[in-house]
$ cat target_7.tsv   # TSV, C-alpha atoms
chain	number	residue	atom	x	y	z
A	27	MET	CA	56.76	175.12	-51.80
A	28	LEU	CA	53.54	173.90	-53.40
A	29	GLN	CA	54.31	170.69	-55.31
A	30	TYR	CA	50.83	169.82	-56.58
A	31	LYS	CA	49.29	172.95	-58.08
A	32	ARG	CA	46.32	171.39	-59.92
A	33	VAL	CA	44.26	169.01	-57.80
A	34	GLY	CA	41.51	166.96	-59.40
A	35	ILE	CA	38.74	165.81	-57.09
A	36	THR	CA	36.50	162.79	-57.58
A	37	VAL	CA	33.91	161.65	-55.07
A	38	LYS	CA	31.94	158.56	-54.16
A	39	SER	CA	28.68	158.97	-56.07
A	40	GLU	CA	26.33	157.97	-53.23
A	41	LEU	CA	28.35	159.68	-50.50
A	42	GLN	CA	26.33	160.79	-47.49
A	43	GLN	CA	26.62	164.51	-46.66
A	44	LYS	CA	28.23	164.93	-50.04
A	45	ASN	CA	27.94	168.72	-50.25
A	46	GLU	CA	29.49	169.25	-46.84
A	47	THR	CA	32.34	166.84	-47.54
A	48	VAL	CA	33.20	168.39	-50.89
A	49	GLU	CA	33.03	171.94	-49.55
A	50	ALA	CA	35.37	171.04	-46.68
A	51	ILE	CA	37.92	169.39	-48.98
A	52	VAL	CA	37.84	172.27	-51.46
A	53	ALA	CA	38.48	174.74	-48.65
A	54	ILE	CA	41.52	172.76	-47.50
A	55	VAL	CA	42.97	172.45	-51.00
A	56	GLU	CA	42.47	176.13	-51.80
A	57	SER	CA	43.90	177.24	-48.46
A	58	ALA	CA	47.08	175.39	-49.44
A	59	GLY	CA	47.25	177.44	-52.66
A	60	ALA	CA	46.26	174.74	-55.16
A	61	ALA	CA	43.68	175.04	-57.93
A	62	VAL	CA	40.67	172.71	-57.87
A	63	TYR	CA	39.31	170.70	-60.81
A	64	PHE	CA	36.36	168.34	-60.63
A	65	ASP	CA	35.29	165.04	-62.10
A	66	ARG	CA	32.00	166.50	-63.27
A	67	ARG	CA	30.25	163.13	-63.57
A	68	ARG	CA	30.58	162.55	-59.82
A	69	VAL	CA	29.62	166.00	-58.52
A	70	ALA	CA	26.68	166.95	-60.72
A	71	ASP	CA	24.58	167.13	-57.55
A	72	VAL	CA	27.12	169.21	-55.58
A	73	THR	CA	26.26	172.90	-55.69
A	74	CYS	CA	29.70	174.30	-54.90
A	75	ALA	CA	31.32	172.34	-57.76
A	76	ASN	CA	29.54	174.34	-60.44
A	77	LYS	CA	31.98	177.25	-60.27
A	78	TYR	CA	35.09	175.13	-60.78
A	79	PRO	CA	36.63	173.79	-63.99
A	80	THR	CA	36.64	170.09	-64.81
A	81	TYR	CA	39.41	167.75	-65.84
A	82	GLU	CA	39.00	165.36	-68.75
A	83	HIS	CA	42.43	163.70	-68.86
A	84	GLU	CA	45.10	162.97	-66.29
A	85	GLU	CA	47.39	165.46	-68.06
A	86	ASP	CA	45.01	168.21	-66.90
A	87	ILE	CA	45.93	167.75	-63.22
A	88	ASP	CA	48.98	167.06	-61.04
A	89	LEU	CA	47.24	165.01	-58.36
A	90	LEU	CA	43.96	163.12	-58.05
A	91	LEU	CA	42.18	163.42	-54.71
A	92	VAL	CA	39.61	160.71	-54.05
A	93	ALA	CA	36.91	161.17	-51.41
A	94	GLY	CA	35.34	157.78	-50.78
A	95	GLY	CA	36.21	154.21	-49.92
A	96	ASP	CA	38.29	151.53	-51.58
A	97	GLY	CA	35.67	151.01	-54.29
A	98	THR	CA	35.89	154.67	-55.28
A	99	ILE	CA	39.69	154.43	-55.43
A	100	LEU	CA	39.48	151.32	-57.63
A	101	ARG	CA	37.10	153.16	-59.96
A	102	ALA	CA	39.43	156.16	-60.05
A	103	VAL	CA	42.40	153.98	-60.98
A	104	ARG	CA	40.45	152.65	-63.98
A	105	ALA	CA	40.05	156.26	-65.16
A	106	LEU	CA	43.84	156.83	-65.23
A	107	PRO	CA	44.95	154.89	-68.31
A	108	ASP	CA	48.58	156.01	-68.13
A	109	CYS	CA	48.93	156.10	-64.30
A	110	LYS	CA	51.17	159.17	-64.56
A	111	ILE	CA	49.82	161.13	-61.61
A	112	PRO	CA	49.61	160.13	-57.95
A	113	ILE	CA	46.42	159.54	-55.99
A	114	VAL	CA	45.71	160.75	-52.48
A	115	SER	CA	42.57	159.64	-50.71
A	116	VAL	CA	40.31	160.78	-47.90
A	117	ASN	CA	38.39	157.84	-46.51
A	118	ARG	CA	34.62	158.22	-46.68
A	119	GLY	CA	33.88	154.51	-47.05
A	120	THR	CA	33.59	151.52	-44.76
A	121	VAL	CA	37.08	150.04	-44.42
A	122	GLY	CA	39.44	152.17	-46.46
A	123	PHE	CA	42.51	149.93	-46.77
A	124	LEU	CA	43.80	152.10	-49.61
A	125	ALA	CA	42.89	155.47	-48.10
A	126	GLU	CA	45.64	157.70	-46.76
A	127	MET	CA	43.67	159.74	-44.23
A	128	GLU	CA	40.38	160.03	-42.42
A	129	ARG	CA	38.25	163.12	-42.83
A	130	LEU	CA	39.32	164.63	-39.49
A	131	GLU	CA	43.01	164.31	-40.44
A	132	ALA	CA	42.68	166.09	-43.77
A	133	GLU	CA	42.79	169.68	-42.50
A	134	GLU	CA	46.24	169.19	-40.99
A	135	LEU	CA	47.73	166.48	-43.24
A	136	LEU	CA	46.52	167.37	-46.74
A	137	PRO	CA	48.27	170.79	-46.98
A	138	ARG	CA	51.54	169.16	-45.92
A	139	LEU	CA	51.21	166.53	-48.64
A	140	LEU	CA	50.40	169.16	-51.26
A	141	HIS	CA	53.58	170.97	-50.28
A	142	GLY	CA	55.75	167.93	-50.90
A	143	GLU	CA	56.11	166.42	-47.44
A	144	GLY	CA	54.83	162.99	-48.50
A	145	ILE	CA	56.31	160.02	-50.31
A	146	ILE	CA	55.15	158.18	-53.42
A	147	GLU	CA	54.23	154.53	-52.89
A	148	GLN	CA	53.90	152.42	-56.02
A	149	ARG	CA	51.45	149.52	-56.25
A	150	SER	CA	51.49	146.84	-58.94
A	151	LEU	CA	48.67	146.16	-61.40
A	152	LEU	CA	47.56	143.05	-63.23
A	153	GLU	CA	47.15	143.00	-66.99
A	154	VAL	CA	44.32	140.57	-67.79
A	155	PHE	CA	43.56	139.07	-71.19
A	156	LEU	CA	40.79	136.79	-72.41
A	157	LYS	CA	41.55	134.32	-75.21
A	158	ARG	CA	38.52	132.93	-77.02
A	159	ARG	CA	38.58	130.85	-80.19
A	160	GLY	CA	42.01	132.17	-81.19
A	161	GLU	CA	41.23	135.82	-80.48
A	162	THR	CA	42.92	137.76	-77.66
A	163	ILE	CA	40.69	140.32	-75.93
A	164	PRO	CA	42.38	142.80	-73.55
A	165	CYS	CA	40.45	143.28	-70.31
A	166	GLU	CA	40.80	146.08	-67.77
A	167	ARG	CA	43.76	146.24	-65.45
A	168	ALA	CA	43.29	145.12	-61.85
A	169	LEU	CA	44.69	146.83	-58.78
A	170	ASN	CA	43.17	144.25	-56.43
A	171	GLU	CA	42.23	141.10	-58.29
A	172	ALA	CA	40.75	139.23	-61.21
A	173	VAL	CA	38.11	136.70	-60.15
A	174	ILE	CA	36.91	133.75	-62.21
A	175	ALA	CA	33.80	132.41	-60.54
A	176	GLN	CA	30.36	130.93	-61.05
A	177	GLY	CA	27.40	133.26	-60.84
A	178	THR	CA	24.06	133.03	-59.11
A	179	ILE	CA	23.69	129.24	-59.03
A	180	ALA	CA	25.91	127.44	-56.50
A	181	ARG	CA	27.77	125.00	-58.73
A	182	LEU	CA	31.40	123.94	-58.67
A	183	ILE	CA	33.39	124.69	-61.81
A	184	GLY	CA	36.56	123.19	-63.26
A	185	LEU	CA	39.48	125.57	-63.87
A	186	ASP	CA	42.81	124.38	-65.28
A	187	ALA	CA	45.64	126.61	-64.03
A	188	SER	CA	49.19	126.80	-65.34
A	189	ILE	CA	52.19	128.99	-64.54
A	190	ASN	CA	54.55	129.99	-67.34
A	191	GLY	CA	53.09	127.28	-69.54
A	192	LYS	CA	53.55	124.51	-66.96
A	193	PRO	CA	50.49	122.87	-65.38
A	194	LEU	CA	49.78	123.80	-61.77
A	195	THR	CA	46.49	122.11	-60.94
A	196	GLN	CA	42.84	121.74	-61.88
A	197	TYR	CA	40.71	123.60	-59.40
A	198	TYR	CA	37.26	122.20	-58.78
A	199	ALA	CA	35.80	125.08	-56.81
A	200	ASP	CA	33.41	128.01	-56.73
A	201	GLY	CA	36.12	130.00	-58.45
A	202	LEU	CA	39.67	131.34	-58.39
A	203	ILE	CA	41.08	134.71	-57.32
A	204	ILE	CA	44.24	136.06	-58.98
A	205	ALA	CA	45.33	138.89	-56.69
A	206	THR	CA	48.05	141.49	-56.43
A	207	PRO	CA	49.72	142.12	-53.05
A	208	THR	CA	47.39	145.12	-52.72
A	209	GLY	CA	44.43	142.79	-53.29
A	210	SER	CA	45.72	140.34	-50.69
A	211	THR	CA	43.75	142.27	-48.04
A	212	ALA	CA	40.54	142.29	-50.12
A	213	TYR	CA	38.51	139.36	-51.52
A	214	SER	CA	41.52	137.03	-51.38
A	215	LEU	CA	41.83	137.55	-47.62
A	216	ALA	CA	38.11	136.87	-47.15
A	217	ALA	CA	38.56	133.60	-49.08
A	218	GLY	CA	41.41	132.47	-46.82
A	219	GLY	CA	44.38	133.89	-48.71
A	220	PRO	CA	47.55	135.28	-47.09
A	221	ILE	CA	48.36	138.92	-46.42
A	222	VAL	CA	51.25	139.92	-48.71
A	223	HIS	CA	53.23	143.14	-48.30
A	224	PRO	CA	52.37	145.47	-51.23
A	225	GLY	CA	56.05	146.11	-51.93
A	226	LEU	CA	56.68	142.50	-52.93
A	227	PRO	CA	56.72	141.54	-56.63
A	228	ALA	CA	54.18	138.73	-56.39
A	229	MET	CA	50.78	137.35	-57.36
A	230	ILE	CA	48.46	135.29	-55.18
A	231	LEU	CA	46.23	132.47	-56.41
A	232	THR	CA	43.39	131.81	-53.97
A	233	PRO	CA	40.76	129.15	-54.75
A	234	ILE	CA	37.23	129.88	-53.57
A	235	ASN	CA	35.78	126.94	-51.64
A	236	PRO	CA	37.84	124.24	-53.38
A	237	TYR	CA	36.50	120.70	-53.34
A	238	SER	CA	39.97	119.37	-52.44
A	239	PHE	CA	41.26	120.32	-48.99
A	240	SER	CA	44.83	120.10	-50.35
A	241	GLN	CA	44.36	123.05	-52.72
A	242	LYS	CA	45.54	126.05	-50.72
A	243	PRO	CA	46.37	129.62	-51.71
A	244	ILE	CA	49.79	130.03	-53.29
A	245	VAL	CA	52.07	133.04	-53.71
A	246	ILE	CA	54.07	133.11	-56.95
A	247	ARG	CA	56.68	135.36	-58.51
A	248	GLY	CA	55.48	138.63	-59.95
A	249	ASP	CA	57.13	137.99	-63.31
A	250	SER	CA	55.03	134.87	-63.85
A	251	ASN	CA	52.38	134.37	-66.49
A	252	VAL	CA	49.21	132.83	-65.07
A	253	SER	CA	46.87	131.02	-67.44
A	254	VAL	CA	43.47	129.66	-66.41
A	255	THR	CA	41.25	127.67	-68.76
A	256	VAL	CA	37.54	127.36	-68.05
A	257	GLY	CA	36.76	123.65	-68.07
A	258	PRO	CA	34.89	122.04	-70.96
A	259	LYS	CA	31.15	121.51	-70.72
A	260	GLN	CA	31.50	118.21	-68.91
A	261	HIS	CA	33.31	120.10	-66.11
A	262	VAL	CA	30.86	123.00	-65.93
A	263	HIS	CA	27.18	122.44	-65.19
A	264	THR	CA	24.99	123.61	-68.03
A	265	ASP	CA	23.02	125.86	-65.67
A	266	ALA	CA	26.14	127.50	-64.17
A	267	GLN	CA	27.35	130.76	-65.67
A	268	VAL	CA	31.02	131.65	-65.18
A	269	PHE	CA	32.18	135.27	-65.02
A	270	LEU	CA	35.45	137.18	-65.05
A	271	THR	CA	35.25	140.11	-62.65
A	272	ILE	CA	37.92	142.80	-62.37
A	273	ASP	CA	38.28	144.60	-59.02
A	274	GLY	CA	34.59	144.02	-58.31
A	275	GLN	CA	33.86	146.77	-60.86
A	276	THR	CA	33.46	145.17	-64.28
A	277	SER	CA	32.27	141.70	-65.22
A	278	ARG	CA	31.97	139.66	-68.40
A	279	PRO	CA	30.52	136.16	-68.98
A	280	LEU	CA	32.91	133.36	-69.87
A	281	GLU	CA	32.43	130.30	-72.05
A	282	PRO	CA	33.83	126.76	-71.77
A	283	ASP	CA	37.44	126.61	-73.04
A	284	ASP	CA	37.97	130.36	-72.57
A	285	ILE	CA	41.50	131.14	-71.39
A	286	ILE	CA	42.24	133.97	-68.94
A	287	GLU	CA	45.83	135.15	-68.75
A	288	ALA	CA	47.24	137.48	-66.10
A	289	THR	CA	50.64	139.15	-65.81
A	290	VAL	CA	51.97	142.05	-63.76
A	291	SER	CA	51.71	145.29	-65.72
A	292	PRO	CA	54.80	147.42	-66.40
A	293	LYS	CA	52.73	150.37	-65.13
A	294	THR	CA	52.16	151.03	-61.44
A	295	VAL	CA	49.62	153.05	-59.48
A	296	LYS	CA	51.20	155.87	-57.48
A	297	PHE	CA	49.78	156.75	-54.07
A	298	LEU	CA	50.78	159.88	-52.19
A	299	ARG	CA	51.47	158.86	-48.58
A	300	ARG	CA	52.66	160.54	-45.39
A	301	ASN	CA	56.26	159.74	-44.45
A	302	ALA	CA	55.28	158.01	-41.22
A	303	HIS	CA	52.75	155.73	-42.89
A	304	THR	CA	53.45	152.01	-42.99
A	305	PHE	CA	51.52	149.03	-44.28
A	306	PHE	CA	51.63	147.50	-40.82
A	307	ASP	CA	49.93	150.55	-39.30
A	308	THR	CA	47.09	150.01	-41.74
A	309	ILE	CA	46.53	146.33	-41.06
A	310	ARG	CA	46.73	146.85	-37.30
A	311	ASP	CA	44.11	149.58	-37.57
A	312	LYS	CA	41.79	148.08	-40.19
A	313	LEU	CA	41.99	144.46	-39.00
A	314	GLN	CA	42.02	145.40	-35.32
A	315	TRP	CA	45.20	143.43	-34.67
A	316	GLY	CA	46.36	143.54	-31.06
A	317	LYS	CA	43.04	144.76	-29.70
A	318	PRO	CA	42.08	143.33	-26.30
A	319	ILE	CA	39.59	140.46	-26.37
A	320	PRO	CA	36.28	141.79	-24.98

$ encode --input "target_7.tsv" --output "structure tokens"
Amino acid sequence: MLQYKRVGITVKSELQQKNETVEAIVAIVESAGAAVYFDRRRVADVTCANKYPTYEHEEDIDLLLVAGGDGTILRAVRALPDCKIPIVSVNRGTVGFLAEMERLEAEELLPRLLHGEGIIEQRSLLEVFLKRRGETIPCERALNEAVIAQGTIARLIGLDASINGKPLTQYYADGLIIATPTGSTAYSLAAGGPIVHPGLPAMILTPINPYSFSQKPIVIRGDSNVSVTVGPKQHVHTDAQVFLTIDGQTSRPLEPDDIIEATVSPKTVKFLRRNAHTFFDTIRDKLQWGKPIP
């Protein structure tokens, strides 16, 4: 029985062989009996998309299919304010940690998922807020991470971190990554952070090139409130600009004494997965664990 009858499709904007990819995915979805809806902003240059309706809100569709890499998935998550519908993804990017299937798997696997043979995996999100001169400014939610870091000039910055109102440390570093377990395999991993199973209720704090060798990444409880204060002017070089970046997608400049707060959101992102899929399969494949040394 068809479980997902209305499938919205969004695509990586600069995808190579975009027309061919979209046509192939549409054919698979329609052969399974589902109706196709497009994110018109991403397929304006795809000829076959012109004859299909578009979706404007997540209520218009039952499932969002993403053709692209992890960056496209992160962008798609930002476009689902209520996170009510699941996401399934066909990898057309470089790494694809979040993707469920490769293009060659889609013809056999996608119809099965549309007919209810998959499972729903829930991933946590960060709610990020900026406090400036007594005003609280909501920022976008993060599936991977919120990064507080200096910009183009290589200068160390001072960041005072506390957990649940209690001081943790002052980082003197290039920056600080506040990551979800999903984001533990992204920028945090590249900066030396641990891999954390996405099912764990946790947050990871990973300093970027800290001046002190004793300041290592730390995993904290997911119900914690993380607060990071940008150091005063004497702790930040006058020619260094500090930014808050969410999931590598949006960025805003910070000022001395700005406070960034992060908590785990009550909402979760839902991914449609195959039953046999495990997180360990992904890291073995994507990180090439267990491969013979050449």

$ closest_residue --input "target_7.tsv" --among "A:Glu134, A:Glu153, A:Glu143, A:Glu49" --to "Val37 in chain A" --atoms "only C-alpha atoms"
A:Glu49

$ residues_near_point --input "target_7.tsv" --point "(33.5, 122.6, -60.5)" --cutoff "9 Å" --atoms "all atoms listed in the file" --output "ChimeraX atom specification"
/A:176,181-185,197-201,236-237,257,261-263

$ closest_residue --input "target_7.tsv" --among "A:Gly218, A:Pro107, A:Pro207, A:Pro193" --to "Ile234 in chain A" --atoms "only C-alpha atoms"
A:Gly218

$ residues_around --input "target_7.tsv" --residues "range 70-80 of chain A" --least-positions-apart "4" --cutoff "10 Å" --atoms "all atoms listed in the file" --output "PyMOL selection string"
chain A and resi 34-35+39+44-49+52+61-66+86-87

$ atom_distance --input "target_7.tsv" --atom1 "CA of Met229 in chain A" --atom2 "CA of Glu128 in chain A"
29.1 Å

$ atom_distance --input "target_7.tsv" --atom1 "CA of Ile163 in chain A" --atom2 "CA of Gln275 in chain A"
17.8 Å

$ closest_residue --input "target_7.tsv" --among "A:Ala125, A:Glu56, A:Ser253, A:Ser240" --to "Phe155 in chain A" --atoms "only C-alpha atoms"
A:Ser253

$ atom_distance --input "target_7.tsv" --atom1 "CA of Lys293 in chain A" --atom2 "CA of Ala105 in chain A"
14.0 Å

$ decode --input "target_7.tsv" --residues "range 107-128 of chain A" --atoms "C-alpha atoms" --output "short mmCIF file (atom, residue, chain, number, x, y, z; two decimals), in the first residue's frame"
data_model
loop_
_atom_site.label_atom_id
_atom_site.label_comp_id
_atom_site.auth_asym_id
_atom_site.auth_seq_id
_atom_site.Cartn_x
_atom_site.Cartn_y
_atom_site.Cartn_z
CA PRO A 107 9.71 25.09 9.87
CA ASP A 108 7.46 22.54 11.60
CA CYS A 109 9.45 19.38 10.70
CA LYS A 110 6.20 17.44 10.29
CA ILE A 111 7.10 15.41 7.22
CA PRO A 112 10.00 12.99 6.70
CA ILE A 113 12.90 13.49 4.32
CA VAL A 114 14.37 10.87 2.03
CA SER A 115 17.52 11.63 0.09
CA VAL A 116 19.31 10.46 -3.03
CA ASN A 117 22.98 11.31 -2.81
CA ARG A 118 24.25 13.51 -5.63
CA GLY A 119 26.93 15.24 -3.58
CA THR A 120 30.46 14.48 -2.46
CA VAL A 121 30.18 12.61 0.84
CA GLY A 122 26.51 12.23 1.66
CA PHE A 123 26.58 11.31 5.35
CA LEU A 124 22.87 12.15 5.62
CA ALA A 125 21.78 10.59 2.33
CA GLU A 126 19.81 7.35 2.38
CA MET A 127 20.69 5.98 -1.05
CA GLU A 128 22.95 6.41 -4.04
#
